[in-house]
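Here's run-v5.tsv, which has TSV, C-alpha atoms:
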```
chain	number	residue	atom	x	y	z
A	1	MET	CA	-65.56	-103.36	-70.28
A	2	LEU	CA	-65.01	-100.02	-71.96
A	3	ARG	CA	-65.26	-96.83	-69.90
A	4	LYS	CA	-67.47	-94.13	-71.24
A	5	TYR	CA	-66.12	-90.58	-71.34
A	6	GLU	CA	-68.49	-87.69	-71.34
A	7	LEU	CA	-67.39	-84.96	-73.71
A	8	LEU	CA	-67.95	-81.32	-72.73
A	9	PRO	CA	-70.52	-79.54	-74.83
A	10	GLN	CA	-68.99	-77.17	-77.39
A	11	LYS	CA	-70.44	-74.11	-75.58
A	12	ASN	CA	-68.89	-75.08	-72.23
A	13	LEU	CA	-65.56	-75.81	-73.91
A	14	ILE	CA	-65.50	-72.34	-75.47
A	15	MET	CA	-66.33	-70.72	-72.09
A	16	LEU	CA	-63.57	-72.70	-70.39
A	17	ARG	CA	-61.02	-71.60	-72.97
A	18	SER	CA	-62.23	-67.99	-72.71
A	19	ASN	CA	-61.95	-67.96	-68.91
A	20	THR	CA	-58.49	-69.52	-69.10
A	21	LEU	CA	-57.38	-66.85	-71.58
A	22	ILE	CA	-58.73	-64.05	-69.36
A	23	LEU	CA	-57.01	-65.48	-66.27
A	24	THR	CA	-53.73	-65.91	-68.15
A	25	THR	CA	-53.95	-62.32	-69.45
A	26	LEU	CA	-54.62	-60.92	-65.98
A	27	LEU	CA	-51.73	-62.87	-64.53
A	28	PHE	CA	-49.49	-61.63	-67.34
A	29	ILE	CA	-50.50	-58.01	-66.78
A	30	GLY	CA	-50.04	-58.37	-63.04
A	31	THR	CA	-46.59	-59.85	-63.55
A	32	ILE	CA	-45.58	-57.02	-65.89
A	33	ILE	CA	-46.75	-54.42	-63.36
A	34	TRP	CA	-44.94	-56.23	-60.54
A	35	ILE	CA	-41.74	-56.45	-62.58
A	36	GLY	CA	-42.03	-52.74	-63.46
A	37	SER	CA	-42.46	-51.78	-59.82
A	38	SER	CA	-39.68	-54.07	-58.62
A	39	GLY	CA	-37.18	-52.31	-60.90
A	40	GLY	CA	-38.34	-48.79	-60.01
A	41	PRO	CA	-41.34	-47.04	-61.61
A	42	GLY	CA	-39.19	-44.25	-63.02
A	43	ALA	CA	-36.64	-46.51	-64.66
A	44	VAL	CA	-39.05	-49.14	-65.98
A	45	GLN	CA	-42.34	-47.29	-66.50
A	46	SER	CA	-41.06	-43.70	-66.89
A	47	ALA	CA	-43.69	-42.82	-64.30
A	48	ASP	CA	-43.98	-40.65	-61.20
A	49	ARG	CA	-45.79	-42.65	-58.48
A	50	THR	CA	-44.96	-40.35	-55.56
A	51	GLY	CA	-48.48	-38.96	-55.22
A	52	GLY	CA	-47.10	-35.41	-55.63
A	53	PRO	CA	-48.46	-32.58	-57.79
A	54	VAL	CA	-46.88	-33.93	-61.02
A	55	SER	CA	-47.54	-37.59	-60.27
A	56	ASP	CA	-48.91	-40.03	-62.87
A	57	GLY	CA	-50.80	-41.80	-60.11
A	58	PHE	CA	-50.21	-43.53	-56.81
A	59	CYS	CA	-49.09	-47.12	-56.15
A	60	SER	CA	-52.44	-48.05	-54.57
A	61	GLN	CA	-54.04	-47.99	-58.03
A	62	CYS	CA	-52.37	-51.37	-58.57
A	63	HIS	CA	-50.89	-52.54	-55.27
A	64	ASN	CA	-53.50	-53.11	-52.56
A	65	GLY	CA	-54.98	-55.60	-50.14
A	66	GLY	CA	-52.08	-55.64	-47.69
A	67	SER	CA	-52.24	-54.81	-43.99
A	68	PHE	CA	-48.66	-54.02	-42.96
A	69	GLY	CA	-49.39	-50.59	-41.45
A	70	THR	CA	-47.06	-49.06	-44.04
A	71	ASP	CA	-45.43	-45.76	-43.06
A	72	VAL	CA	-43.11	-43.73	-45.33
A	73	GLN	CA	-40.69	-41.23	-43.79
A	74	VAL	CA	-38.30	-38.73	-45.40
A	75	PHE	CA	-35.47	-36.96	-43.55
A	76	LEU	CA	-32.78	-34.49	-44.55
A	77	THR	CA	-29.78	-34.55	-42.20
A	78	ASP	CA	-26.70	-32.35	-41.93
A	79	VAL	CA	-23.05	-33.32	-41.42
A	80	ASN	CA	-23.74	-33.87	-37.71
A	81	GLY	CA	-26.57	-36.30	-38.45
A	82	ASP	CA	-29.20	-33.86	-37.19
A	83	THR	CA	-32.54	-33.69	-39.00
A	84	ILE	CA	-33.08	-30.24	-40.51
A	85	SER	CA	-36.15	-28.25	-41.46
A	86	GLU	CA	-34.25	-25.52	-43.36
A	87	TYR	CA	-31.42	-25.72	-45.86
A	88	VAL	CA	-28.45	-23.55	-46.68
A	89	PRO	CA	-28.15	-23.03	-50.46
A	90	GLU	CA	-25.52	-25.13	-52.28
A	91	THR	CA	-24.86	-27.21	-49.15
A	92	ALA	CA	-24.65	-31.02	-49.19
A	93	TYR	CA	-27.02	-33.04	-47.01
A	94	THR	CA	-28.01	-36.68	-46.62
A	95	LEU	CA	-31.47	-37.61	-47.87
A	96	LYS	CA	-32.93	-40.61	-46.04
A	97	VAL	CA	-36.06	-42.50	-47.09
A	98	THR	CA	-37.54	-45.18	-44.84
A	99	VAL	CA	-40.47	-47.51	-45.49
A	100	ILE	CA	-41.83	-49.35	-42.45
A	101	GLY	CA	-44.26	-52.25	-42.78
A	102	GLU	CA	-44.61	-54.90	-40.09
A	103	GLY	CA	-44.42	-58.37	-41.58
A	104	ALA	CA	-43.64	-57.25	-45.14
A	105	ALA	CA	-41.15	-59.32	-47.12
A	106	ARG	CA	-39.77	-56.54	-49.35
A	107	PHE	CA	-39.90	-52.76	-49.73
A	108	GLY	CA	-39.66	-50.25	-52.58
A	109	PHE	CA	-39.86	-46.47	-52.91
A	110	GLN	CA	-39.70	-43.43	-55.19
A	111	SER	CA	-39.00	-39.81	-54.22
A	112	VAL	CA	-38.58	-36.43	-55.90
A	113	ALA	CA	-37.52	-32.94	-54.76
A	114	LEU	CA	-39.63	-30.12	-56.25
A	115	ASP	CA	-39.39	-26.35	-55.98
A	116	GLY	CA	-42.34	-23.93	-55.88
A	117	SER	CA	-42.83	-24.29	-59.65
A	118	ASN	CA	-42.88	-28.10	-59.37
A	119	ASP	CA	-39.55	-28.38	-61.17
A	120	GLY	CA	-36.97	-30.88	-59.95
A	121	THR	CA	-34.33	-29.18	-57.82
A	122	GLY	CA	-31.06	-29.94	-56.08
A	123	ASN	CA	-28.38	-32.41	-57.18
A	124	TYR	CA	-27.99	-36.04	-56.16
A	125	GLY	CA	-24.75	-37.83	-55.47
A	126	ALA	CA	-23.93	-41.40	-56.47
A	127	PRO	CA	-26.67	-43.86	-55.45
A	128	GLU	CA	-25.83	-46.88	-53.30
A	129	ASP	CA	-26.51	-50.49	-54.30
A	130	GLY	CA	-30.23	-51.16	-54.60
A	131	SER	CA	-31.09	-47.58	-55.54
A	132	GLN	CA	-30.82	-45.39	-58.63
A	133	ILE	CA	-31.51	-41.96	-60.09
A	134	SER	CA	-34.12	-42.03	-62.86
A	135	SER	CA	-35.19	-39.17	-65.11
A	136	VAL	CA	-38.91	-38.63	-65.76
A	137	SER	CA	-40.14	-35.57	-67.70
A	138	GLY	CA	-36.91	-33.71	-66.99
A	139	ARG	CA	-37.01	-34.37	-63.22
A	140	ASP	CA	-34.60	-36.59	-61.28
A	141	TYR	CA	-36.13	-39.30	-59.07
A	142	PHE	CA	-34.36	-41.19	-56.31
A	143	GLU	CA	-35.86	-44.69	-56.23
A	144	HIS	CA	-35.10	-48.37	-55.63
A	145	SER	CA	-33.49	-50.44	-58.37
A	146	ALA	CA	-34.35	-53.75	-56.67
A	147	PRO	CA	-36.69	-54.70	-53.80
A	148	SER	CA	-35.13	-54.13	-50.37
A	149	THR	CA	-35.36	-56.20	-47.20
A	150	SER	CA	-34.42	-53.27	-44.94
A	151	GLY	CA	-36.67	-50.50	-46.31
A	152	GLU	CA	-33.93	-47.90	-45.83
A	153	TRP	CA	-32.11	-45.83	-48.46
A	154	GLU	CA	-29.67	-42.88	-48.31
A	155	ILE	CA	-28.09	-40.55	-50.85
A	156	GLU	CA	-26.24	-37.25	-50.86
A	157	TRP	CA	-28.40	-34.31	-51.98
A	158	THR	CA	-26.95	-30.85	-52.58
A	159	ALA	CA	-29.37	-27.99	-52.07
A	160	PRO	CA	-30.09	-25.58	-54.96
A	161	GLY	CA	-28.77	-22.04	-55.24
A	162	ALA	CA	-29.93	-19.00	-53.31
A	163	GLY	CA	-33.40	-17.68	-54.03
A	164	THR	CA	-34.93	-21.08	-54.88
A	165	GLY	CA	-37.22	-20.96	-51.87
A	166	SER	CA	-38.85	-23.93	-50.17
A	167	VAL	CA	-38.19	-27.45	-51.48
A	168	THR	CA	-40.72	-30.25	-50.98
A	169	PHE	CA	-39.73	-33.91	-51.00
A	170	TYR	CA	-42.57	-36.16	-52.16
A	171	ALA	CA	-42.16	-39.89	-51.58
A	172	ALA	CA	-44.14	-43.09	-52.00
A	173	GLY	CA	-43.21	-46.40	-50.44
A	174	ASN	CA	-44.56	-49.90	-50.84
A	175	ALA	CA	-44.51	-52.81	-48.40
A	176	VAL	CA	-45.07	-56.06	-50.30
A	177	ASN	CA	-45.50	-59.77	-49.65
A	178	ALA	CA	-43.26	-60.72	-52.61
A	179	ASN	CA	-45.78	-63.16	-54.12
A	180	PHE	CA	-44.84	-62.03	-57.65
A	181	ASP	CA	-48.24	-60.35	-57.91
A	182	ILE	CA	-49.73	-56.95	-57.04
A	183	SER	CA	-52.18	-58.32	-54.47
A	184	GLY	CA	-51.52	-58.27	-50.74
A	185	ASP	CA	-49.31	-55.14	-50.85
A	186	GLN	CA	-49.76	-51.83	-49.02
A	187	PRO	CA	-48.28	-48.49	-50.20
A	188	ASP	CA	-48.13	-45.10	-48.47
A	189	THR	CA	-47.05	-41.55	-49.33
A	190	THR	CA	-45.54	-38.59	-47.51
A	191	ALA	CA	-44.33	-35.04	-48.21
A	192	VAL	CA	-41.80	-32.93	-46.30
A	193	THR	CA	-41.05	-29.26	-47.02
A	194	ILE	CA	-37.62	-27.79	-46.23
A	195	VAL	CA	-37.46	-23.99	-46.20
A	196	GLU	CA	-34.53	-21.96	-47.51
A	197	SER	CA	-32.54	-20.72	-44.56
A	198	GLN	CA	-30.37	-18.00	-46.09
A	199	THR	CA	-29.26	-16.62	-49.41
A	200	SER	CA	-25.63	-17.37	-48.60
A	201	SER	CA	-23.41	-17.91	-45.59
A	202	LEU	CA	-21.67	-14.59	-46.36
A	203	ALA	CA	-24.97	-12.72	-46.38
A	204	ASP	CA	-25.92	-14.34	-43.08
A	205	ARG	CA	-22.65	-13.14	-41.52
A	206	GLN	CA	-23.28	-9.67	-42.89
A	207	LEU	CA	-26.64	-9.66	-41.12
A	208	ALA	CA	-25.25	-10.93	-37.83
A	209	ASP	CA	-24.97	-7.34	-36.59
A	210	ILE	CA	-28.74	-6.96	-36.41
A	211	GLN	CA	-28.77	-9.41	-33.48
A	212	LEU	CA	-32.11	-11.04	-34.34
A	213	GLN	CA	-33.67	-12.40	-31.15
A	214	LEU	CA	-36.92	-14.26	-30.39
A	215	SER	CA	-38.54	-14.31	-26.97
A	216	PRO	CA	-39.95	-16.36	-25.35
A	217	ASN	CA	-38.82	-19.50	-27.16
A	218	PRO	CA	-40.60	-21.91	-26.91
A	219	ALA	CA	-43.65	-19.65	-27.08
A	220	GLN	CA	-47.35	-20.09	-26.38
A	221	GLU	CA	-49.48	-16.95	-26.77
A	222	TYR	CA	-47.04	-14.56	-28.48
A	223	ILE	CA	-43.50	-14.16	-29.76
A	224	SER	CA	-41.43	-10.96	-29.49
A	225	ILE	CA	-39.10	-10.34	-32.44
A	226	LEU	CA	-36.18	-8.02	-31.71
A	227	TRP	CA	-33.32	-6.71	-33.87
A	228	SER	CA	-30.93	-3.76	-34.12
A	229	ASN	CA	-31.43	-0.85	-36.53
A	230	ASP	CA	-28.22	-1.36	-38.49
A	231	LEU	CA	-29.92	-2.30	-41.77
A	232	ALA	CA	-30.67	-0.02	-44.69
A	233	ASN	CA	-34.36	0.53	-45.41
A	234	PRO	CA	-36.55	-0.96	-46.58
A	235	HIS	CA	-36.41	-4.56	-45.42
A	236	SER	CA	-39.06	-7.20	-44.72
A	237	LEU	CA	-40.01	-9.71	-42.07
A	238	ARG	CA	-41.71	-13.07	-42.57
A	239	ILE	CA	-43.01	-15.87	-40.36
A	240	VAL	CA	-42.99	-19.22	-42.20
A	241	ASN	CA	-44.16	-22.68	-41.14
A	242	VAL	CA	-42.29	-25.92	-41.90
A	243	ALA	CA	-44.46	-26.46	-45.00
A	244	GLY	CA	-42.99	-23.26	-46.46
A	245	GLN	CA	-46.24	-21.28	-46.15
A	246	ILE	CA	-45.81	-17.57	-45.41
A	247	LEU	CA	-48.06	-16.76	-42.43
A	248	VAL	CA	-46.91	-13.17	-41.86
A	249	GLU	CA	-45.15	-10.79	-44.24
A	250	ARG	CA	-44.61	-7.11	-43.55
A	251	GLU	CA	-42.21	-4.32	-44.38
A	252	ILE	CA	-40.17	-3.12	-41.44
A	253	SER	CA	-37.80	-0.24	-40.83
A	254	GLY	CA	-34.80	0.25	-38.60
A	255	VAL	CA	-36.84	2.19	-36.06
A	256	ASP	CA	-39.28	-0.70	-35.46
A	257	GLN	CA	-36.74	-2.90	-33.67
A	258	VAL	CA	-39.43	-4.88	-31.77
A	259	ILE	CA	-42.54	-6.64	-33.08
A	260	SER	CA	-44.92	-8.74	-30.99
A	261	GLN	CA	-46.80	-11.42	-32.92
A	262	THR	CA	-49.85	-13.20	-31.47
A	263	LEU	CA	-49.65	-17.01	-31.80
A	264	THR	CA	-52.99	-18.14	-30.35
A	265	ASP	CA	-54.23	-19.29	-33.78
A	266	TYR	CA	-51.00	-21.10	-34.66
A	267	PRO	CA	-50.93	-24.92	-34.34
A	268	SER	CA	-48.14	-26.36	-32.19
A	269	GLY	CA	-44.97	-26.86	-34.23
A	270	ILE	CA	-41.78	-25.29	-35.58
A	271	TYR	CA	-41.76	-21.88	-37.29
A	272	MET	CA	-39.16	-19.58	-38.83
A	273	VAL	CA	-38.74	-15.82	-38.49
A	274	GLN	CA	-36.92	-14.41	-41.53
A	275	ILE	CA	-35.55	-10.92	-42.12
A	276	GLN	CA	-34.62	-9.94	-45.67
A	277	ALA	CA	-32.65	-6.82	-46.53
A	278	GLN	CA	-30.32	-5.50	-49.20
A	279	GLU	CA	-27.39	-6.66	-47.10
A	280	GLY	CA	-28.63	-10.24	-46.99
A	281	PHE	CA	-30.91	-12.64	-45.15
A	282	GLN	CA	-31.15	-14.05	-41.65
A	283	SER	CA	-33.55	-16.46	-39.98
A	284	LYS	CA	-34.21	-17.96	-36.56
A	285	ARG	CA	-36.39	-20.84	-35.50
A	286	PHE	CA	-38.94	-20.90	-32.70
A	287	VAL	CA	-41.27	-23.52	-31.28
A	288	LYS	CA	-44.99	-22.92	-30.64
A	289	LEU	CA	-46.23	-25.09	-27.75
```

Translate the structure of the given file into structure tokens.
Amino acid sequence: MLRKYELLPQKNLIMLRSNTLILTTLLFIGTIIWIGSSGGPGAVQSADRTGGPVSDGFCSQCHNGGSFGTDVQVFLTDVNGDTISEYVPETAYTLKVTVIGEGAARFGFQSVALDGSNDGTGNYGAPEDGSQISSVSGRDYFEHSAPSTSGEWEIEWTAPGAGTGSVTFYAAGNAVNANFDISGDQPDTTAVTIVESQTSSLADRQLADIQLQLSPNPAQEYISILWSNDLANPHSLRIVNVAGQILVEREISGVDQVISQTLTDYPSGIYMVQIQAQEGFQSKRFVKL
């Protein structure tokens, strides 16, 4: 007895082929994007995915659907391993990028250091295995070269010259499930601003005679700023937050010597008092409770 086979109508056969082609194309595109991300977006795609002011877009435009609680952190540490919020020009530090994602199989990242004009700034040392320096639009990016199981990367970064001002590190990180697709991943971004501490160590020593003092520190309602009158006039005083924003700027003279600044409208955090003169630059940190 012969079995009868039912042939698909021509219309259904065309639709099946069309759907198969679409699915294959989507899988191909997804694979290309995944491969590009796994090798570093700067190196493979010539793209900035940090989410910063010059970014081409953020990772979540492609990678999404995950629930790892992804958290990206950026630190700049000195020779003692202490995290800093201000840099000394032309001094070497360690830049650390960490991506945390509970249950994620792999991690990737991209970071960039920008000055106030959104130009790349500072100089990187030699990258360790699993990371690389990629150039995009004339800016250097520190990023992964292969997916990481630890989510931790370090590199030496030498601060720019005096007068550069605040430097902001923008970073994006991705926690992925490593399914060779862009689904089920969860990215995150962060930004940390490091203020310029002094124009040079020599200038800071030259200003040591002014005996800049802050009281009380930590402070709550006000901060008293005291100094000697050994500087030539004119000179200026600033109060700056950790994001590099100037909150107070005023010209001062040698006869002022003491200024009391109200802090009731300041959020809790770390702030810098800076005095700039012809002789140089000096700053001190205080904490607002």

Suppose you want the space between atom CA of A:Ala43 and atom CA of A:Thr94; what is it in Å?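 For atom CA of A:Ala43 relative to atom CA of A:Thr94, the distance reads 22.3 Å.
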
List the spatial neighbours of A:Gln132 as a list of chain:residue names - criterion: any atom at most 9 Å away, all atoms listed in the file, same-chain residues fewer than 4 positions off excluded.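 Answer for this query is A:Gly40, A:Ala43, A:Ala126, A:Pro127, A:Glu128, A:Tyr141, A:Phe142, A:Glu143, A:His144, A:Ser145.
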
Do you know which residues are at most 12 Å from A:Gly81 counting all atoms listed in the file, after dropping those on the same chain fewer than 3 positions away, and could you put them as JSON, numbers by chain? {"A": [75, 76, 77, 78, 84, 93, 94, 95, 96]}

Shell of 7 Å around A:Gln261, all atoms listed in the file, local chain residues under 4 positions omitted, as a VMD selection string: chain A and resid 222 to 224

Name the closest residue to A:Phe286 among the candidates A:Ser215, A:Gln245, A:Thr50, A:Gln257; distances are taken between atoms, counting only C-alpha atoms.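 Using only C-alpha atoms, the shortest distance to A:Phe286 belongs to A:Ser215.
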
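Distances here use all atoms listed in the file; by that measure, the residue among A:Ser137, A:Thr98, A:Gln276, A:Asn123 closest to A:Ser55 is A:Ser137.
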
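The environment of A:Glu196 within 6 Å, counting only C-alpha atoms and disregarding residues fewer than 2 places along the same chain, consists of Glu86, Tyr87, Gly165, Ser166 and Gln198 of chain A.
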
For the residues selected in the previous step, produce a file with C-alpha atoms as an mmCIF file, in the coordinates of the input.
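Contents of the output file selection.cif:
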```
data_model
loop_
_atom_site.group_PDB
_atom_site.id
_atom_site.type_symbol
_atom_site.label_atom_id
_atom_site.label_comp_id
_atom_site.auth_asym_id
_atom_site.auth_seq_id
_atom_site.Cartn_x
_atom_site.Cartn_y
_atom_site.Cartn_z
ATOM 1 C CA GLU A 86 -34.250 -25.520 -43.360
ATOM 2 C CA TYR A 87 -31.420 -25.720 -45.860
ATOM 3 C CA GLY A 165 -37.220 -20.960 -51.870
ATOM 4 C CA SER A 166 -38.850 -23.930 -50.170
ATOM 5 C CA GLN A 198 -30.370 -18.000 -46.090
#
```

As a list in words, please: the residues near A:Ala175 (cut-off 7 Å, all atoms listed in the file, same-chain neighbours under 4 positions excluded).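 The neighbour list is Phe68, Thr70, Gly101, Ala104, Arg106, Phe107, Gly108, Asp185, Gln186 and Pro187 of chain A.
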
So the first atom is atom CA of A:Gly138 and the second is atom CA of A:Asp71; what is the distance between them in Å, to one decimal place?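 A separation of 28.1 Å between them.
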
For atom CA of A:Ile194 and atom CA of A:Val44, the interatomic separation in Å (one decimal): 29.1 Å

Residues within 6 Å of (-38.3, -47.5, -45.6), file coords, all atoms listed in the file, listed as a ChimeraX atom specification: /A:97-100,151-152

Could you work out an axis-aligned bounding box for all listed atoms of stretch 131-140 of chain A, with 8 Å added on each of the six sides, and give its centre and edge lengths in Å to one decimal, as JSON?
```
{"center_x": -35.5, "center_y": -40.6, "center_z": -61.6, "size_x": 25.3, "size_y": 29.9, "size_z": 28.2}
```

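Using all atoms listed in the file, the smallest distance between any of A:Thr189, A:Ala47, A:Asp82, A:Pro53 and A:Ser117 comes from A:Pro53.
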
Judged by all atoms listed in the file, the minimum distance to A:Val112 among A:Glu249, A:Glu221, A:Asp48, A:Glu90 is found for A:Asp48
